[in-house]
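J.: The structure follows.
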Amino acid sequence: MTDLQQRVEQLLASHDPTTTEPADFLGAQFDAGLAWVHFPEGKGGLSLARGRQLEVDALLEAARAPRPDVARNSIGLGMAAPTLLAYGSEELQQRHLRSLFACTEIWCQLFSEPGAGSDLAAVATRAVPDGDEWVIDGQKVWTSGAHGADFAILLARTDTSVPKHAGMTYFVVDMADPGIEVRPLRQITGEAEFNEVFLTGARVHDGNRVGAVGQGWAVATTTLNNERVAIGAGADREAGQIGLVTERWRTDPSVRTPGTHAELLRWWVETEVTRLAGERLRQSLEAGQPGPESSAMKLAFAHQAQKVSGFALELAPEEGLTYHDWTMVSPERGSFLGHGPGYRYLRAKGNSIEGGTSEIMRNVIAERVLGLPPDHRPDKGIAFKDVPR
């Protein structure tokens with residue numbers, strides 16, 4: 001029996017998964033170093049190889065132990081946690097990592113802005129120092145889950161006298177601050193999964209700054225790389241949309257033609273290749289934080305999700321003519337695959353926007369992976385205050 005197996009058995013013995021409250025069990029899992037085994041000891045880990053987490057998760061799933069609510073807290077688990085580990089102060093790590101893993105804190109991401117488009121470095125939300133606090137004013141948009149979040153990771157401009165990439169700082173923000181207002185945004189599906197967030201005199205203590213003043217771009221890059229790995233993350237074979245289409249092909253002879261057969265095989269192979277590439281990428285993370293390769297994963301995922309959802313409608317075009325409800329609602333997190341093909345086709349359109357547009361992903365791949373010449377940037381080297389807006 002390995003040391004990890006012994007630790008898991010001790011956890012299960014001291015916290016019966018059938019009777020222990022999920023938050024209490026997850027907190028105990030964190031204390032045992034079994035939350036993220038590649039994190040340092042005392043911070044949810046044991047300083048082991050990242051891949052050993054699969055061993056822990058398999059044992060806990062076999063015992064039907066409570067698992068983190070990834071659907072509700074994907075930003076906290078997949079983005080905030082690794083960023084706090086890489087750049088956060090010891091106080092921030094001790095304050096947030098345990099409750100974040102236990103999902104007693106739900107997180108959102110305050111990055112995108114109406115005036116910045118796909119250029120994250122063009123954010124204009126200002127953070128002005130006031131004693132040991134910062135006063136935040138600005139607007140963020142396309143913020144997933146802001147209406148139910150307790151904390152946010154925020155990128156704000158702290159210096160307009162330097163070029164845009166150099167003048168930003170990264171903060172942890174309490175979403176209960178009276179200077180924060182959250183408004184829903186209705187999507188093409190009729191749902192309000194995203195929000196716009198207005199910050200008017202919101203206050204953040206300097207202790208909630210992540211990284212140094214002016215280091216926001218480097219910190220945000222760590223967050224974004226982890227986000228793209230999470231979005232493009234593979235799962236079991238035939239998971240996701242390709243699994244739904246394949247199952248329909250197997251069970252409904254009426255959709256089978258030589259043409260649809262060839263199309264199904266094409267997308268089955270492409271999604272499987274992407275899944276395997278994702279596994280290799282995650283294995284490479286043993287060496288450290290994800291790099292620009294994560295952009296390729298995110299780009300492939302978005303392209304394939306849109307194409308496969310379109311193929312699902314080709315198999316049953318009449319199902320795209322009906323829709324369950326156009327009432328603006330906040331959707332159930334993680335319910336994407338439970339809807340019909342018409343909904344999935346519409347929702348997949350957002351995959352090439354959220355988490356970084358496909359155009360930006362192609363730029364990252366071209367410049368940072370292939371080494372091609374960068375696009376001409378007239379604002380490069382110019383103080384942000386002098387850039388026309």
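For the structure tokens, the naming scheme is as follows: chains receive sequential letters (A, B, ...) according to their order of presentation, residues are indexed from 1 within each chain, and ligands are indexed from 1 in presentation order.
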What's around range 371-388 of chain A at 9 Å? Count only C-alpha atoms, leave out sequence neighbours fewer than 5 positions away in its own chain, and write the answer as JSON, numbers by chain.
T.: {"A": [122, 159, 160, 161, 162, 163, 164, 165, 167, 363, 365, 366]}
J.: How would you write, as a PyMOL selection string, the set of residues in range 122-349 of chain A that DSSP gives as helix (DSSP H, G or I)?
T.: chain A and resi 122+146-148+164-166+206-208+216-231+241-251+253-255+258-287+293-315+317-321+336-338+341-349
J.: Have a look at A:Leu100, A:Ala192, A:Ala86, A:Val123 and name the one nearest to Thr223 in chain A; count only C-alpha atoms.
T.: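 Between A:Leu100, A:Ala192, A:Ala86, A:Val123, the residue approaching Thr223 in chain A most closely is A:Ala86.
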J.: Please measure the separation of CA of Trp249 in chain A and CA of Lys298 in chain A, giving the value in Å to one decimal.
T.: 26.7 Å
J.: Tell me, as a short mmCIF file (atom, residue, chain, number, x, y, z; two decimals) with C-alpha atoms, in the first residue's frame, which residues lie within 7 Å of range 170-177 of chain A, counting only C-alpha atoms; anything in the same chain fewer than 5 positions away does not count.
T.:
```cif
data_model
loop_
_atom_site.label_atom_id
_atom_site.label_comp_id
_atom_site.auth_asym_id
_atom_site.auth_seq_id
_atom_site.Cartn_x
_atom_site.Cartn_y
_atom_site.Cartn_z
CA ALA A 149 -19.59 34.69 -6.20
CA ASP A 150 -18.03 35.54 -2.84
CA PHE A 151 -14.66 36.67 -4.22
CA ALA A 152 -13.20 37.76 -7.53
CA ILE A 153 -9.80 37.93 -9.14
CA LEU A 154 -9.49 41.39 -10.69
CA LEU A 155 -7.07 43.07 -13.07
CA ALA A 156 -6.94 46.87 -12.80
CA ALA A 202 -14.93 49.69 -4.31
CA VAL A 204 -9.51 46.59 -1.63
CA ASN A 208 -5.34 41.48 -1.12
CA ARG A 209 -2.92 42.43 -3.87
CA VAL A 210 -1.54 39.41 -5.75
CA GLY A 211 2.02 39.97 -6.92
CA GLY A 216 -0.56 42.31 -13.10
CA VAL A 219 0.03 37.24 -12.87
#
```
J.: Range 169-296 of chain A: which residues are strand (DSSP E) by DSSP, as a PyMOL selection string?
T.: chain A and resi 169-174+180-185+194-205+209-210
